[in-house]
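Pasted below: target-v9.cif, mmCIF, C-alpha atoms.
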data_target
#
loop_
_atom_site.label_atom_id
_atom_site.label_comp_id
_atom_site.auth_asym_id
_atom_site.auth_seq_id
_atom_site.Cartn_x
_atom_site.Cartn_y
_atom_site.Cartn_z
CA MET I 1 192.08 95.27 92.84
CA GLN I 2 191.39 97.71 90.12
CA GLY I 3 189.19 95.12 88.40
CA LEU I 4 187.13 94.61 91.55
CA ARG I 5 186.53 98.35 91.82
CA LYS I 6 185.19 98.42 88.24
CA ILE I 7 182.79 95.54 89.00
CA LEU I 8 181.46 97.27 92.13
CA LEU I 9 180.95 100.57 90.20
CA LEU I 10 178.97 98.73 87.49
CA VAL I 11 176.76 97.04 90.07
CA ALA I 12 176.08 100.38 91.75
CA CYS I 13 175.10 102.01 88.43
CA CYS I 14 172.69 99.14 87.59
CA SER I 15 171.10 99.40 91.03
CA MET I 16 170.51 103.13 90.62
CA PHE I 17 169.06 102.65 87.14
CA GLY I 18 166.66 99.93 88.36
CA TYR I 19 165.56 102.08 91.30
CA GLY I 20 164.82 105.03 89.01
CA TYR I 21 162.88 102.88 86.60
CA ALA I 22 160.76 101.46 89.43
CA GLN I 23 160.02 104.95 90.71
CA THR I 24 158.92 105.96 87.24
CA ILE I 25 156.48 103.04 87.01
CA LEU I 26 155.07 103.69 90.45
CA SER I 27 154.69 107.36 89.66
CA SER I 28 152.90 106.49 86.42
CA ASP I 29 150.55 104.12 88.22
CA THR I 30 149.88 106.67 90.91
CA ASN I 31 149.14 109.36 88.34
CA ASN I 32 146.79 107.05 86.46
CA LYS I 33 144.87 106.35 89.64
CA THR I 34 144.50 109.97 90.63
CA THR I 35 143.68 111.35 87.18
CA ALA I 36 141.14 108.72 86.15
CA VAL I 37 138.15 110.37 84.36
CA LYS I 38 134.80 109.53 85.80
CA PRO I 39 132.13 108.40 83.23
CA ILE I 40 129.66 111.11 82.14
CA HIS I 41 126.00 110.15 81.98
CA ILE I 42 124.17 112.11 79.19
CA ILE I 43 120.45 112.55 79.80
CA ALA I 44 118.58 112.61 76.49
CA LYS I 45 115.92 115.27 76.14
CA PRO I 46 112.44 114.07 75.11
CA PRO I 47 111.65 114.73 71.43
CA LEU I 48 109.73 117.93 70.70
CA VAL I 49 106.12 117.36 69.67
CA LYS I 50 105.12 119.62 66.78
CA ARG I 51 101.78 121.24 67.47
CA PRO I 52 99.52 121.96 64.50
CA LYS I 53 99.46 125.56 63.37
CA PRO I 54 96.54 127.53 64.82
CA ILE I 55 93.70 128.15 62.41
CA HIS I 56 93.06 131.83 61.70
CA THR I 57 90.99 131.99 58.49
CA GLU I 58 87.95 130.33 56.95
CA LEU I 59 86.18 130.60 53.61
CA SER I 60 82.74 129.17 52.88
CA ALA I 61 79.80 129.46 50.50
CA GLY I 62 76.21 128.29 50.47
CA ILE I 63 72.57 128.84 49.63
CA ARG I 64 69.71 130.33 51.64
CA LEU I 65 66.03 129.66 51.31
CA ASN I 66 64.09 132.70 52.47
CA THR I 67 60.38 133.04 53.09
CA ASP I 68 60.40 135.67 50.33
CA GLY I 69 63.01 134.28 47.91
CA TRP I 70 66.45 132.72 47.75
CA SER I 71 70.10 133.74 48.20
CA PHE I 72 73.61 132.67 47.27
CA PHE I 73 76.35 133.84 49.63
CA VAL I 74 80.08 133.74 50.37
CA ASP I 75 81.54 134.20 53.88
CA ARG I 76 85.14 134.90 54.84
CA GLY I 77 86.02 134.62 58.51
CA LYS I 78 88.92 135.67 60.73
CA VAL I 79 89.35 133.92 64.09
CA LYS I 80 89.62 136.60 66.77
CA THR I 81 91.37 135.53 70.00
CA ASP I 82 94.23 136.67 72.20
CA ASP I 83 95.05 133.09 73.21
CA GLU I 84 96.80 131.23 70.37
CA ARG I 85 96.32 127.90 72.14
CA HIS I 86 92.56 128.26 71.86
CA ALA I 87 92.42 129.79 68.37
CA ASP I 88 91.05 126.53 66.97
CA MET I 89 88.06 126.69 69.31
CA PHE I 90 86.41 129.31 67.04
CA HIS I 91 84.82 131.13 69.99
CA ASP I 92 84.88 134.48 68.15
CA VAL I 93 85.01 134.86 64.38
CA ILE I 94 84.85 138.16 62.51
CA LEU I 95 82.85 137.69 59.28
CA TRP I 96 82.86 139.51 55.95
CA GLN I 97 79.86 138.54 53.82
CA ALA I 98 78.69 138.94 50.23
CA GLU I 99 75.22 137.78 49.21
CA LEU I 100 73.10 137.87 46.06
CA THR I 101 69.39 137.52 46.74
CA GLU I 102 66.10 137.65 44.84
CA LYS I 103 62.97 138.97 46.52
CA LYS I 104 59.52 137.65 45.65
CA ASN I 105 56.06 138.67 46.73
CA PRO I 106 54.28 135.96 48.78
CA LYS I 107 51.29 136.17 46.42
CA GLU I 108 53.34 135.22 43.36
CA TYR I 109 52.48 132.02 41.53
CA LYS I 110 53.65 130.63 38.22
CA THR I 111 51.11 129.42 35.68
CA THR I 112 50.62 128.60 31.99
CA ASN I 113 47.73 129.75 29.80
CA SER I 114 45.88 126.53 29.02
CA ASN I 115 43.17 128.45 27.10
CA LEU I 116 45.53 129.56 24.38
CA ASP I 117 44.02 129.29 20.89
CA PRO I 118 45.88 126.41 19.14
CA TYR I 119 45.44 128.16 15.79
CA SER I 120 47.05 131.40 16.95
CA GLY I 121 50.52 130.13 16.11
CA SER I 122 51.83 131.11 19.55
CA LYS I 123 53.41 128.62 21.92
CA PRO I 124 52.48 129.18 25.57
CA SER I 125 55.23 129.48 28.21
CA PRO I 126 55.15 129.78 32.03
CA PHE I 127 54.72 133.24 33.55
CA VAL I 128 54.09 134.79 36.96
CA PHE I 129 50.62 136.25 36.92
CA GLY I 130 50.46 139.87 38.10
CA LYS I 131 54.24 140.29 38.38
CA ILE I 132 55.59 143.64 37.16
CA ASN I 133 59.22 143.69 38.33
CA ASN I 134 62.07 141.40 39.32
CA PHE I 135 64.01 142.60 42.35
CA TYR I 136 67.54 141.46 43.21
CA ALA I 137 69.97 142.75 45.84
CA LEU I 138 73.71 142.53 46.33
CA LYS I 139 74.39 142.68 50.06
CA LEU I 140 77.83 143.41 51.52
CA GLY I 141 78.19 143.14 55.27
CA ILE I 142 80.36 142.57 58.30
CA GLY I 143 79.46 140.73 61.48
CA LYS I 144 80.51 138.34 64.20
CA ARG I 145 79.96 134.70 65.12
CA LYS I 146 80.24 133.74 68.81
CA MET I 147 80.13 130.20 70.20
CA ILE I 148 77.45 129.86 72.90
CA ALA I 149 77.25 126.07 73.42
CA GLY I 150 78.98 122.81 72.55
CA LYS I 151 82.58 122.03 71.60
CA PRO I 152 84.02 122.40 68.11
CA ASP I 153 85.61 118.94 68.23
CA PRO I 154 85.34 116.39 65.38
CA GLY I 155 82.08 114.50 65.57
CA THR I 156 80.31 117.05 67.76
CA VAL I 157 77.97 119.99 67.13
CA SER I 158 78.67 123.51 68.34
CA ILE I 159 76.07 126.29 68.44
CA HIS I 160 76.99 129.87 67.59
CA TRP I 161 75.20 133.20 67.60
CA VAL I 162 75.62 135.25 64.40
CA TYR I 163 74.83 138.91 63.88
CA ALA I 164 75.74 141.03 60.85
CA GLY I 165 74.71 144.02 58.79
CA GLY I 166 75.80 146.33 56.02
CA LEU I 167 75.01 147.84 52.65
CA SER I 168 72.40 146.56 50.15
CA ILE I 169 72.41 147.47 46.48
CA GLY I 170 68.94 146.78 45.09
CA MET I 171 68.42 146.07 41.38
CA LEU I 172 64.91 146.55 39.97
CA LYS I 173 64.31 144.99 36.53
CA PRO I 174 61.04 145.23 34.55
CA TYR I 175 59.19 141.94 34.04
CA TYR I 176 58.19 141.54 30.39
CA ILE I 177 55.33 139.38 29.12
CA LYS I 178 54.00 138.42 25.69
CA VAL I 179 50.33 139.08 24.98
CA TYR I 180 47.94 138.62 22.04
CA THR I 181 47.28 142.31 21.61
CA GLU I 182 50.91 143.37 21.12
CA PRO I 183 53.47 142.18 18.56
CA ASN I 184 56.36 142.65 20.99
CA PRO I 185 56.83 141.86 24.70
CA ILE I 186 55.52 144.54 27.04
CA LYS I 187 56.40 145.80 30.50
CA TYR I 188 54.03 147.19 33.08
CA THR I 189 52.74 150.75 32.81
CA ASP I 190 49.44 152.26 33.86
CA ALA I 191 48.37 152.07 30.19
CA GLN I 192 49.19 148.31 30.08
CA ARG I 193 47.51 147.47 33.38
CA ASN I 194 44.61 145.56 31.83
CA GLU I 195 46.94 143.29 29.82
CA PHE I 196 48.79 142.28 32.99
CA LEU I 197 45.51 141.36 34.66
CA ALA I 198 43.97 139.47 31.70
CA GLU I 199 45.36 135.99 32.43
CA ASN I 200 43.76 134.41 29.34
CA ALA I 201 45.36 137.03 27.08
CA ILE I 202 48.91 136.36 28.27
CA ILE I 203 51.02 134.03 26.12
CA GLY I 204 53.89 133.77 28.60
CA SER I 205 57.01 135.37 30.01
CA ALA I 206 59.37 137.11 27.60
CA GLY I 207 62.46 135.65 29.36
CA PHE I 208 65.08 136.92 31.76
CA LYS I 209 67.13 138.89 29.24
CA GLU I 210 64.25 141.26 28.45
CA GLY I 211 64.70 144.41 30.51
CA LEU I 212 68.32 143.91 31.55
CA HIS I 213 69.29 147.25 30.02
CA GLU I 214 66.60 148.97 32.12
CA ILE I 215 67.81 147.91 35.57
CA ARG I 216 67.57 150.63 38.22
CA PHE I 217 69.81 150.61 41.30
CA ILE I 218 68.26 151.36 44.69
CA PRO I 219 70.52 151.67 47.77
CA GLY I 220 69.58 150.29 51.16
CA LEU I 221 70.72 148.63 54.38
CA HIS I 222 70.35 145.15 55.81
CA ALA I 223 70.79 143.34 59.14
CA LYS I 224 70.35 139.80 60.41
CA THR I 225 70.62 137.65 63.51
CA ALA I 226 70.78 133.86 63.53
CA LEU I 227 71.81 130.60 65.18
CA HIS I 228 74.65 128.75 63.46
CA PHE I 229 75.05 124.97 63.93
CA ASP I 230 78.54 123.71 63.01
CA PHE I 231 78.88 119.93 62.56
CA ALA I 232 82.10 119.68 60.52
CA ALA I 233 83.96 116.34 60.57
CA ASN I 234 87.33 118.00 61.27
CA ARG I 235 88.74 121.35 62.30
CA LYS I 236 89.79 122.31 58.74
CA THR I 237 86.31 121.87 57.28
CA VAL I 238 83.29 124.16 57.36
CA MET I 239 79.91 122.44 57.26
CA ALA I 240 77.00 124.17 58.94
CA ILE I 241 73.31 124.96 58.98
CA GLU I 242 72.10 128.43 59.92
CA THR I 243 68.61 129.73 60.62
CA GLY I 244 67.61 133.27 61.48
CA ILE I 245 65.82 136.52 60.69
CA ASN I 246 66.84 139.02 57.99
CA ALA I 247 65.66 142.62 57.51
CA GLU I 248 66.25 145.01 54.60
CA ILE I 249 65.21 148.61 54.00
CA TYR I 250 65.62 150.69 50.82
CA THR I 251 65.32 154.35 49.92
CA GLN I 252 62.06 153.83 48.04
CA GLY I 253 59.18 151.39 47.71
CA ILE I 254 59.83 148.25 45.63
CA PRO I 255 56.88 147.49 43.29
CA LEU I 256 56.67 143.76 42.57
CA MET I 257 53.00 142.98 41.81
CA VAL I 258 49.93 144.62 40.33
CA ASN I 259 47.47 145.72 43.03
CA GLN I 260 50.09 145.26 45.78
CA THR I 261 51.51 148.12 47.84
CA ALA I 262 55.16 148.89 47.09
CA THR I 263 57.01 148.86 50.41
CA PRO I 264 60.64 149.90 51.01
CA TYR I 265 61.37 147.10 53.52
CA PHE I 266 61.54 143.30 53.62
CA LEU I 267 61.49 141.00 56.64
CA ASP I 268 62.04 137.27 56.23
CA ILE I 269 63.00 134.07 58.00
CA TYR I 270 65.70 131.96 56.39
CA ALA I 271 67.54 128.65 56.59
CA SER I 272 70.90 128.11 54.93
CA PHE I 273 73.47 125.41 54.29
CA GLN I 274 77.14 126.25 53.86
CA PHE I 275 80.42 124.43 53.35
CA GLY I 276 84.07 125.43 52.98
CA LYS I 277 87.52 125.17 54.56
CA ARG I 278 89.72 126.62 57.31
CA TRP I 279 93.47 127.22 57.44
#
Structure re-expressed in structure tokens:
Amino acid sequence: MQGLRKILLLVACCSMFGYGYAQTILSSDTNNKTTAVKPIHIIAKPPLVKRPKPIHTELSAGIRLNTDGWSFFVDRGKVKTDDERHADMFHDVILWQAELTEKKNPKEYKTTNSNLDPYSGSKPSPFVFGKINNFYALKLGIGKRKMIAGKPDPGTVSIHWVYAGGLSIGMLKPYYIKVYTEPNPIKYTDAQRNEFLAENAIIGSAGFKEGLHEIRFIPGLHAKTALHFDFAANRKTVMAIETGINAEIYTQGIPLMVNQTATPYFLDIYASFQFGKRW
């Protein structure tokens, strides 16, 4: 009887253990079902497209052919706009300009004395008949370039209006010639007037270096207005043609030729070609 009681107690303990184990499994399954993590869908952002940096500055140089001479110039520009997205359109550009120009009288012509005596021992050289002075000017100015037509896209032409003005520093240099009657080159004076007008007595020009130490500086002002045609192949290149009117006035008359009135002003039409870069 005592042995039967032990067997029944063992069976009861096993039943309780099995029931607890089953409850644990069910609880685990139930927890797994209720705490399952839903999958998270990550939406990838589109890659950022890097826009090119706006262009703010340009630097260019070129040559001008004037109706009364020639010029070499350098321009530096600053794009002026409140809208960075349209800075590359070059609608408004502030310009700082430096220009070196030579002024010539329309009546100038270069010749050589073909009547020179071959036994004189002198070799003829070209000279400008009647010229008494060379005149150069260093012009420093500020201005603006505004786009008035077209689009500054590669392969197209845009048209701009340019206006500028500033200070002119004139440089007057005596023009020396060699003549039969004098052992050394001479410059123009009232006493030497006849020699400058006797074409057959002139051997030739004495050269550019003669008279450099006698340069006189004459202050003045200048102004211009023009149309500027930009046909650059890309936005970082400057390539343009410009045509316009230039005016200069100085504090005294500029004598250039014998028998010609010395005037303090110059008015000319010009055409220029320039090239450079932007950044």
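Residues captured in this structure file are Glu108, Val128, Phe129, Gly130, Ile132, Asn133, Asn134, Tyr175, Phe196, Leu256, Met257 and Val258 of chain I, according to the PyMOL selection byres ((chain I and resi 131) around 8).
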Could you spell out the hits of the PyMOL selection byres ((chain I and resi 207-214) around 9) on the shown file, as a PyMOL selection string? chain I and resi 172-177+185+187+204-206+215-216
Quick check, in Å to one decimal: how far apart do atom CA of I:Met147 and atom CA of I:Val74 lie? 20.1 Å
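For the pair atom CA of I:Gln260 and atom CA of I:Tyr109, the interatomic distance is 14.1 Å.
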I'd like to know which of I:Asp68, I:Glu248, I:Glu199, I:Asp230 is closest to I:Ile269, using all atoms listed in the file. I:Asp68
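On the file presented, the PyMOL selection byres ((chain I and resi 263) around 7) picks out Gly253, Ile254, Thr261, Ala262, Pro264 and Tyr265 of chain I.
Of note, atom CA of I:Glu242 and atom CA of I:His228 are spaced 4.4 Å apart.
Restricting the calculation to only C-alpha atoms, the smallest distance between I:Leu167 and any of I:Gln97, I:Thr243, I:Thr57, I:Gln252 is found for I:Gln97.
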